[in-house]
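Below: the structure, in structure tokens.
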Amino acid sequence: MVHDNQLEKSNKFLRIRSVHGRNISVVREVYRRENVPCQSPLCLSDCQNSTGDGGLSLLPADVNHYLIPDCQVAREFLEVLENPVVTGIIFLQTVVHSVQHEGSKRLYNRLRNLVKDKRKASIIFHNEFQKYAYCEREEGETLCDWQTRSTYAAAEWYFHHLATQKPIIMVTLNKQAIEKYENKTLNVFVLSLEEYLRKFWQSHIPEVMELYESLTASLETKVKEKDYKGYLPLDILESGVKSGRFVQGHINVNRNNAGQEAFVRQKRSGSTVEDDRDILIHGMPARNRAVHGDLVVVEVLPRSEWRGRSSVIKESQEGQGEGDEEDGATDENVMPTGRVVGILQRNWREYVASFASDEQVSEKGGKVLVIPWDYRIPKIRISTRQVEKLKDQRIVVRIDSWEIDSQYPNGHFVKTLGPIEDLEAEISAILLENTIHVSAFSEAQMKELPVDTPDNPWCIEEAELNKRRDLRSSHLIFSIDPKGCEDVDDTLSVRELANGNLELGVHIADVTHFVKPDSLTDMEAKSRSTTVYLADRRYDMLPGILSANLCSLISGVDRYAMSVIWELDKNFEVVDVWYGKTIIRSSYKLFYEMAQAMHDGISLTEIVKNVPELQNMLQEETEKRVEELRCAVTLLMRVARCLKARRVSGGALELESVEVQVQLTETKSVEDLNPKDHLEIHDTIAECMIFANHWVAKKIVEVFPNQALLRHHPLPKSEQFENLKNCAKSKGFDVKTFSNKALAETLDRCVDSKDPVINKILRMLATQAMSVASYFSTGSLPRDQYFHYGLALDYYTHFTSPIRRYADVLVHRQLMAAVLAEGSEGLPGNQELDELSEHINHQHRAAQNAQRDSQELFQYLYFKQKDLNNECCRADAIIFQIRANGLMVFVPRYGIRAPVYLRNKDGQVLYVQESGQSEWTGGSITKSEGSVSVNSLVGSMTFTLLDHITVKIIPNSSRAHASSLKLELISTEGYALDQDIPTTEKMSKNQKQAIIQEVRAVAEEKRTQSSSEDQGHQFHSLKAEFGQTPESESLYSLFESFKEMAKKPIS
């Protein structure tokens, strides 16, 4: 060993596995020193502990102990350590290397992410570089023994380094290590993981023991049932992808035919048009243990083995089917077909699941199959002895492995969410299935934020007043939002200038003033990325003090804003544009319907009644202000019309999407389901926001050409338009799809004077054919790919909603850096921004899916309480797709898309008589391009695309999956009541026979009843045996008392 001042050099001999799977020997030089940062605020030595930009996290000072897991605990029970309550964890360098080389890449990334999350206050300590914490491996010593000895030595060093201020607990699964080290050093504890969890955390997080036991059982489980093919070595997979022999992509399982169909989107460039199509993976053997979302490598089969996707509508079942079934595909619709030969990255996560019904549960040796809530996930085998306790619960499980000789993956039980069909349990299931985590904002995050109370009101800072443009007295600023909106992101202003030009202003909440980069609030907002809106609630991206108060541009109060102000000539062309920080005071908080009514000429009395800011004024002043506001709204709508017309002439699409609004009573019960009416004022506000987003995008791209955050809407794939073309053709229309301009112009001509809903349906189908828009960093795409197809803009970003979208927060920071010419220092670079974009895109899709799932849940709850003979359960439906065994229809009244079956599982076909009576009988179905005929023993029926039919809406309860609605054909004619009554009147309250039973109230009543059951005379004995540990006997409480004693001065 060579000594060089304070450094000690030695050689480390390693035998590691290369990326190609080969074992190689490596010699590395290691330099050890004394001053390796310990990252504890209790440090009394000269450690160079640092935080801030690029700095390391610090361990917390207010915990009663620090925790050091050994290698095996970190590899096999990391999920336990990921619990947000468990903080102050020290991961040794030795442990991290073990996870990296003996675990998996996914596990290693999870550990790194745990440490990066400052809310966990956990660190990696480089014990192998610390001169006195490191242990040389002795001759003949096993790797496991050396790792255990190194872990204890580092724990001992840490305890003495902090001058015995903080107890250290080492957790291990090694019983010999516990016997050897448990009494060696006072206040350096060596505990088994089970003992540690029972003594410290069982009373605080009771589910932690269930998770521990489930993980333990899972590690012991290995089942042999069915063979799959082995995966090819990594080096062969990589070379095959590079040469074009294999294709790499994420596997996407068809939700409606999960047992048979999955698809992989090809990523090869420079290929033929045919090569750009998705690859079909047909059947479970070809899927080869890949799970929805995995990054896989696929071998494309010879053309003679290609198949077509199924044209059969699959009926939902409890768990997916395993058997093959003819799918009715023809030679004309065959597509590239392949099989999975390797998996590059698993996408396993937590899954909501439930047990099959009692007669189907087969329990053997504690092993049982559970059915995931998501149809796309196969059944999972877990080990549990709590089947009776959990059989009627929504539970959470994780997949641990899927052996080559096992028909199903092995997993473990994590926790329970609550009873099946309990409202809160179902909402929790929706959030978890969409990987949305919505825990309360922490106390540390709240401490970062300003205070606004009656005793300590928030006010404008003098320093900010000097740096910002003050618009409070010079501009009439107002907001137009949905009724009840609290998080007002945007306000508007419009006025005539002295030179005859117009000035248009868009003023957005200045969230970045309160949310500084790398603060706890910023990290939480980045993690959430978006506010999540469900049918009956929302989960904010930012704490309420910001989202509903200091950043909300409500009327009558001073607020910080980021403004874009244009000067427009008489033709509404931009003469000049100004970007900057402002101080505003919104004069009016309008809702959409009132703003539209003001433009349409509503009376003064009605305006004053609905605009609180105009009340309690003298008549003359009221009239003056109403006229001023009405003129501003009218002028704004005129400007927006011109801006929109200009975009539409350039090829912008006007698409249709039906969003159903769930109306709730004060007690949160479902009262009504209404399609949201579309008003011109909606277009006005949207156009102003699009205009601002476009101009901000131009500015940040100009200054930061390689690291600006933009939004890209790619060209749709041509085959996605086939259904749209077929529907239009059935009515004699010809839809052109070779460009966005051609599509927009032909959609405008697809008008049926006898059936106004046809154009809306075609626009809805065009929306479904679109590719998904996403965020990206400009350094990651060629410049000719920056465009937004749907809006017909060359540059586009999101700037106007920073309260509810983290992408807008990033854009605000980029805009101010561009305006102030501060350079890119402090902004994320291209690679970091690209990774952040992927995260934001994922969270946005998750939020949209959760919103859709919650609306479907409340639709089910609405109809569940209705008598099936009630008028509201009958509705007009429009056929938009024809399948081999049924129809896909759209119900405009409720915004429902669902199948109508014409043939059942027994092969019988449906015939509906004129009286409305339907029966299943023998017969056949003949399908053509635009129609389908049912020929039964009773009679025949023919259905054509865009025909109207009448359906009955029936709630379809599911034990394993999300409950849904089922449509049943009751007439081949449209429902006259729906067709005659305008949309705004269809769902009026006087058409309803009764309000639905109070869903939340009933759920709360059930919980109250279950929690207040009398335990009888055995209550005290049950509590003694199963209750929480008394505080006086809890190790956690004991350590807390040590911490309090340490704070007291020595007398």
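Each chain of the structure tokens is named A, B, ... in the order shown, its residues numbered from 1; ligands are numbered from 1 in display order.
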Quiz item: Residues at most 12 Å from region 108-114 of chain A, counting only C-alpha atoms, excluding those fewer than 3 positions away in the same chain, as a PyMOL selection string?
Solution: chain A and resi 57+74-84+86-93+95-105+117-124+345+349+527
Could you pull out all residues of region 30-189 of chain A with a DSSP call of strand (DSSP E) and give them as an mmCIF file with N, CA and C atoms, in the first residue's frame?
data_model
loop_
_atom_site.group_PDB
_atom_site.id
_atom_site.type_symbol
_atom_site.label_atom_id
_atom_site.label_comp_id
_atom_site.auth_asym_id
_atom_site.auth_seq_id
_atom_site.Cartn_x
_atom_site.Cartn_y
_atom_site.Cartn_z
ATOM 1 N N VAL A 30 -8.094 2.213 -5.999
ATOM 2 C CA VAL A 30 -8.978 2.855 -5.033
ATOM 3 C C VAL A 30 -8.152 3.779 -4.157
ATOM 4 N N TYR A 31 -8.609 5.024 -4.013
ATOM 5 C CA TYR A 31 -7.923 5.998 -3.162
ATOM 6 C C TYR A 31 -8.820 6.303 -1.970
ATOM 7 N N ARG A 32 -8.284 6.052 -0.784
ATOM 8 C CA ARG A 32 -9.063 6.279 0.435
ATOM 9 C C ARG A 32 -8.538 7.502 1.169
ATOM 10 N N TYR A 66 -30.541 6.582 13.003
ATOM 11 C CA TYR A 66 -30.238 6.396 11.593
ATOM 12 C C TYR A 66 -30.272 4.906 11.295
ATOM 13 N N LEU A 67 -30.712 4.584 10.082
ATOM 14 C CA LEU A 67 -30.903 3.186 9.685
ATOM 15 C C LEU A 67 -29.907 2.807 8.598
ATOM 16 N N ILE A 68 -29.202 1.673 8.780
ATOM 17 C CA ILE A 68 -28.271 1.172 7.778
ATOM 18 C C ILE A 68 -28.681 -0.255 7.410
ATOM 19 N N PRO A 69 -29.260 -0.474 6.220
ATOM 20 C CA PRO A 69 -29.610 -1.836 5.793
ATOM 21 C C PRO A 69 -28.387 -2.540 5.212
ATOM 22 N N ILE A 90 -29.135 5.280 5.578
ATOM 23 C CA ILE A 90 -27.777 5.385 5.044
ATOM 24 C C ILE A 90 -27.506 4.138 4.205
ATOM 25 N N PHE A 91 -27.428 4.316 2.895
ATOM 26 C CA PHE A 91 -27.064 3.214 2.014
ATOM 27 C C PHE A 91 -25.554 3.262 1.790
ATOM 28 N N LEU A 92 -24.873 2.241 2.209
ATOM 29 C CA LEU A 92 -23.421 2.205 2.056
ATOM 30 C C LEU A 92 -23.058 1.931 0.604
ATOM 31 N N ILE A 123 -29.255 8.932 2.170
ATOM 32 C CA ILE A 123 -28.006 9.222 1.465
ATOM 33 C C ILE A 123 -27.298 7.927 1.056
ATOM 34 N N ILE A 124 -26.325 8.084 0.168
ATOM 35 C CA ILE A 124 -25.343 7.034 -0.103
ATOM 36 C C ILE A 124 -24.030 7.475 0.528
ATOM 37 N N PHE A 125 -23.491 6.656 1.425
ATOM 38 C CA PHE A 125 -22.210 6.962 2.084
ATOM 39 C C PHE A 125 -21.121 6.078 1.474
ATOM 40 N N ILE A 168 -27.415 4.181 15.969
ATOM 41 C CA ILE A 168 -27.387 3.608 14.637
ATOM 42 C C ILE A 168 -27.999 2.209 14.704
ATOM 43 N N ILE A 169 -28.875 1.907 13.763
ATOM 44 C CA ILE A 169 -29.480 0.575 13.699
ATOM 45 C C ILE A 169 -29.112 -0.058 12.366
ATOM 46 N N MET A 170 -28.442 -1.194 12.449
ATOM 47 C CA MET A 170 -28.148 -1.983 11.256
ATOM 48 C C MET A 170 -29.192 -3.089 11.181
ATOM 49 N N VAL A 171 -29.863 -3.227 10.012
ATOM 50 C CA VAL A 171 -30.850 -4.291 9.855
ATOM 51 C C VAL A 171 -30.310 -5.324 8.873
ATOM 52 N N THR A 172 -30.542 -6.577 9.194
ATOM 53 C CA THR A 172 -29.993 -7.669 8.403
ATOM 54 C C THR A 172 -30.936 -8.862 8.453
ATOM 55 N N VAL A 188 -25.134 0.919 19.033
ATOM 56 C CA VAL A 188 -25.081 0.473 17.647
ATOM 57 C C VAL A 188 -25.825 -0.856 17.631
ATOM 58 N N PHE A 189 -27.082 -0.804 17.208
ATOM 59 C CA PHE A 189 -27.966 -1.958 17.307
ATOM 60 C C PHE A 189 -27.928 -2.766 16.014
#
Practice problem: With a distance cut-off of 7 Å and only C-alpha atoms, select the neighbouring residues of Gly580 (chain A), excluding the residue or stretch itself and same-chain residues fewer than 4 positions from it, and output the selection as a PyMOL selection string. | Solution: chain A and resi 562-564
Which residues are near Gln785 (chain A)? Cut-off 9 Å, only C-alpha atoms, ignore same chain within fewer than 3 positions. Put them as a PDB file with N, CA, C and O atoms, in the first residue's frame.
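Resulting contents of selection.pdb:
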ATOM      1  N   HIS A 712     -45.189  18.776 -29.155  1.00  0.00           N
ATOM      2  CA  HIS A 712     -45.210  18.253 -30.528  1.00  0.00           C
ATOM      3  C   HIS A 712     -46.441  17.375 -30.725  1.00  0.00           C
ATOM      4  O   HIS A 712     -46.731  16.508 -29.910  1.00  0.00           O
ATOM      5  N   HIS A 713     -47.172  17.661 -31.818  1.00  0.00           N
ATOM      6  CA  HIS A 713     -48.296  16.804 -32.199  1.00  0.00           C
ATOM      7  C   HIS A 713     -47.945  16.186 -33.540  1.00  0.00           C
ATOM      8  O   HIS A 713     -48.014  16.855 -34.576  1.00  0.00           O
ATOM      9  N   PRO A 714     -47.533  14.909 -33.570  1.00  0.00           N
ATOM     10  CA  PRO A 714     -47.031  14.313 -34.813  1.00  0.00           C
ATOM     11  C   PRO A 714     -48.137  14.011 -35.808  1.00  0.00           C
ATOM     12  O   PRO A 714     -49.327  14.018 -35.485  1.00  0.00           O
ATOM     13  N   LEU A 781     -35.144  16.488 -31.089  1.00  0.00           N
ATOM     14  CA  LEU A 781     -35.857  16.245 -32.339  1.00  0.00           C
ATOM     15  C   LEU A 781     -35.303  17.161 -33.419  1.00  0.00           C
ATOM     16  O   LEU A 781     -34.879  18.287 -33.114  1.00  0.00           O
ATOM     17  N   PRO A 782     -35.317  16.717 -34.668  1.00  0.00           N
ATOM     18  CA  PRO A 782     -34.927  17.626 -35.749  1.00  0.00           C
ATOM     19  C   PRO A 782     -35.926  18.768 -35.857  1.00  0.00           C
ATOM     20  O   PRO A 782     -37.110  18.618 -35.523  1.00  0.00           O
ATOM     21  N   HIS A 788     -46.948  21.386 -34.555  1.00  0.00           N
ATOM     22  CA  HIS A 788     -48.156  20.865 -33.904  1.00  0.00           C
ATOM     23  C   HIS A 788     -49.199  20.663 -35.001  1.00  0.00           C
ATOM     24  O   HIS A 788     -49.754  21.624 -35.552  1.00  0.00           O
ATOM     25  N   ASP A 794     -46.090  26.081 -36.229  1.00  0.00           N
ATOM     26  CA  ASP A 794     -44.724  25.568 -36.321  1.00  0.00           C
ATOM     27  C   ASP A 794     -44.077  25.402 -34.955  1.00  0.00           C
ATOM     28  O   ASP A 794     -43.254  24.501 -34.758  1.00  0.00           O
TER      29      ASP A 794
END
Practice problem: as a VMD selection string, please: all residues of region 630-850 of chain A that backbone DSSP puts in alpha helix (DSSP H). | Solution: chain A and resid 630 to 649 680 to 703 722 to 730 740 to 749 757 to 769 806 to 819 830 to 850
Near-His599 (chain A) list (7 Å; only C-alpha atoms; drop same-chain fewer than 3 positions) as a PDB file with N, CA, C and O atoms, in the first residue's frame:
ATOM      1  N   ALA A 595     -70.331  35.102 -19.493  1.00  0.00           N
ATOM      2  CA  ALA A 595     -69.619  35.872 -20.502  1.00  0.00           C
ATOM      3  C   ALA A 595     -70.294  35.740 -21.867  1.00  0.00           C
ATOM      4  O   ALA A 595     -70.441  36.727 -22.602  1.00  0.00           O
ATOM      5  N   GLN A 596     -70.713  34.513 -22.181  1.00  0.00           N
ATOM      6  CA  GLN A 596     -71.410  34.297 -23.454  1.00  0.00           C
ATOM      7  C   GLN A 596     -72.731  35.068 -23.471  1.00  0.00           C
ATOM      8  O   GLN A 596     -73.093  35.693 -24.480  1.00  0.00           O
ATOM      9  N   ARG A 630     -68.962  44.570 -21.113  1.00  0.00           N
ATOM     10  CA  ARG A 630     -69.591  43.946 -22.279  1.00  0.00           C
ATOM     11  C   ARG A 630     -68.791  44.254 -23.549  1.00  0.00           C
ATOM     12  O   ARG A 630     -68.576  43.377 -24.391  1.00  0.00           O
ATOM     13  N   VAL A 633     -65.583  42.090 -23.554  1.00  0.00           N
ATOM     14  CA  VAL A 633     -65.846  40.690 -23.896  1.00  0.00           C
ATOM     15  C   VAL A 633     -66.140  40.557 -25.385  1.00  0.00           C
ATOM     16  O   VAL A 633     -65.632  39.660 -26.065  1.00  0.00           O
ATOM     17  N   THR A 634     -66.951  41.483 -25.919  1.00  0.00           N
ATOM     18  CA  THR A 634     -67.301  41.434 -27.343  1.00  0.00           C
ATOM     19  C   THR A 634     -66.068  41.642 -28.214  1.00  0.00           C
ATOM     20  O   THR A 634     -65.881  40.940 -29.223  1.00  0.00           O
TER      21      THR A 634
END
Self-check item: Shell around Cys631 (chain A) at 12 Å using only C-alpha atoms, local window under 5 positions removed, as number ranges by chain
Solution: A: 476, 493-496, 595, 598-601, 624-626, 636-638
Self-check item: Test item: residues at most 10 Å from Val811 (chain A), only C-alpha atoms, excluding those fewer than 4 positions along its chain, as a PyMOL selection string
Solution: chain A and resi 512+693+696-697+700+708-710+797-800+802+806-807+815-817
Output file for the residues above (N, CA, C and O atoms, as a JSON list (two decimals), in the first residue's frame):
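Printed below is again.json as written:
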[["chain", "number", "residue", "atom", "x", "y", "z"],
["A", 512, "THR", "N", -43.65, 30.76, -10.48],
["A", 512, "THR", "CA", -42.21, 30.62, -10.25],
["A", 512, "THR", "C", -41.69, 31.60, -9.20],
["A", 512, "THR", "O", -40.59, 31.40, -8.68],
["A", 693, "ASN", "N", -49.35, 30.74, -26.01],
["A", 693, "ASN", "CA", -48.44, 29.59, -26.01],
["A", 693, "ASN", "C", -47.55, 29.59, -27.25],
["A", 693, "ASN", "O", -46.36, 29.27, -27.18],
["A", 696, "VAL", "N", -44.87, 32.47, -26.94],
["A", 696, "VAL", "CA", -43.85, 32.12, -25.94],
["A", 696, "VAL", "C", -42.93, 31.05, -26.51],
["A", 696, "VAL", "O", -41.70, 31.09, -26.31],
["A", 697, "ALA", "N", -43.49, 30.07, -27.23],
["A", 697, "ALA", "CA", -42.67, 29.03, -27.85],
["A", 697, "ALA", "C", -41.67, 29.65, -28.81],
["A", 697, "ALA", "O", -40.49, 29.26, -28.84],
["A", 700, "ILE", "N", -38.73, 31.28, -26.70],
["A", 700, "ILE", "CA", -37.76, 30.41, -26.02],
["A", 700, "ILE", "C", -36.95, 29.59, -27.02],
["A", 700, "ILE", "O", -35.78, 29.27, -26.77],
["A", 708, "ALA", "N", -35.20, 24.10, -25.34],
["A", 708, "ALA", "CA", -36.51, 24.68, -25.06],
["A", 708, "ALA", "C", -37.54, 23.56, -24.94],
["A", 708, "ALA", "O", -37.47, 22.56, -25.65],
["A", 709, "LEU", "N", -38.49, 23.76, -24.04],
["A", 709, "LEU", "CA", -39.54, 22.77, -23.85],
["A", 709, "LEU", "C", -40.73, 23.12, -24.73],
["A", 709, "LEU", "O", -41.41, 24.12, -24.50],
["A", 710, "LEU", "N", -40.96, 22.30, -25.75],
["A", 710, "LEU", "CA", -42.08, 22.52, -26.67],
["A", 710, "LEU", "C", -43.04, 21.34, -26.62],
["A", 710, "LEU", "O", -42.77, 20.33, -25.97],
["A", 797, "THR", "N", -46.05, 25.50, -27.23],
["A", 797, "THR", "CA", -45.67, 25.02, -25.89],
["A", 797, "THR", "C", -46.85, 25.24, -24.96],
["A", 797, "THR", "O", -47.93, 25.64, -25.38],
["A", 798, "HIS", "N", -46.65, 25.00, -23.68],
["A", 798, "HIS", "CA", -47.67, 25.29, -22.67],
["A", 798, "HIS", "C", -47.11, 26.29, -21.68],
["A", 798, "HIS", "O", -46.12, 26.02, -21.00],
["A", 799, "PHE", "N", -47.78, 27.43, -21.59],
["A", 799, "PHE", "CA", -47.34, 28.54, -20.75],
["A", 799, "PHE", "C", -48.45, 29.02, -19.82],
["A", 799, "PHE", "O", -48.19, 29.63, -18.80],
["A", 800, "THR", "N", -49.70, 28.71, -20.15],
["A", 800, "THR", "CA", -50.84, 29.41, -19.57],
["A", 800, "THR", "C", -51.46, 28.76, -18.34],
["A", 800, "THR", "O", -52.42, 29.30, -17.80],
["A", 802, "PRO", "N", -49.69, 27.32, -15.17],
["A", 802, "PRO", "CA", -48.63, 26.84, -14.27],
["A", 802, "PRO", "C", -49.14, 26.35, -12.92],
["A", 802, "PRO", "O", -48.41, 25.65, -12.21],
["A", 806, "TYR", "N", -46.83, 21.27, -14.53],
["A", 806, "TYR", "CA", -45.43, 21.58, -14.23],
["A", 806, "TYR", "C", -44.67, 22.01, -15.48],
["A", 806, "TYR", "O", -43.71, 22.78, -15.40],
["A", 807, "ALA", "N", -45.09, 21.53, -16.66],
["A", 807, "ALA", "CA", -44.43, 21.96, -17.90],
["A", 807, "ALA", "C", -44.48, 23.47, -18.03],
["A", 807, "ALA", "O", -43.50, 24.11, -18.45],
["A", 815, "LEU", "N", -38.71, 31.34, -20.22],
["A", 815, "LEU", "CA", -39.09, 32.62, -20.80],
["A", 815, "LEU", "C", -38.39, 33.78, -20.10],
["A", 815, "LEU", "O", -37.88, 34.69, -20.76],
["A", 816, "MET", "N", -38.36, 33.75, -18.78],
["A", 816, "MET", "CA", -37.73, 34.86, -18.06],
["A", 816, "MET", "C", -36.22, 34.88, -18.29],
["A", 816, "MET", "O", -35.61, 35.95, -18.41],
["A", 817, "ALA", "N", -35.61, 33.69, -18.38],
["A", 817, "ALA", "CA", -34.17, 33.65, -18.70],
["A", 817, "ALA", "C", -33.93, 34.21, -20.10],
["A", 817, "ALA", "O", -32.92, 34.89, -20.34]]
Quiz item: Which residue gives the smallest distance to Cys43 (chain A) among A:Ile404, A:Leu390, A:Leu162, A:Met888, with only C-alpha atoms counted?
Solution: A:Leu162
Exercise. Measuring atom to atom with only C-alpha atoms, identify which of A:Leu810, A:Cys38, A:Ala425, A:Val889 is nearest to Leu833 (chain A).
Key: A:Leu810
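Each of A:Val115, A:Ala133, A:Val639, A:Ala632 was compared to Arg33 (chain A) using only C-alpha atoms, and A:Ala133 turns out to be the nearest.
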Self-check item: Minimum-distance residue to Glu350 (chain A), chosen among A:Glu621, A:Asp834, A:Glu825, A:Glu433 (using only C-alpha atoms)
Solution: A:Glu433
Quiz item: Interatomic distance between CA of Ser529 (chain A) and CA of Lys483 (chain A)?
Solution: 24.3 Å
Quiz prompt | Interatomic distance, CA of Ser401 (chain A) to CA of Ser383 (chain A) (Å, one decimal) | solution =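 It comes out at 13.2 Å.
Of note, CA of Ala509 (chain A) and CA of Ile436 (chain A) are spaced 25.0 Å apart.
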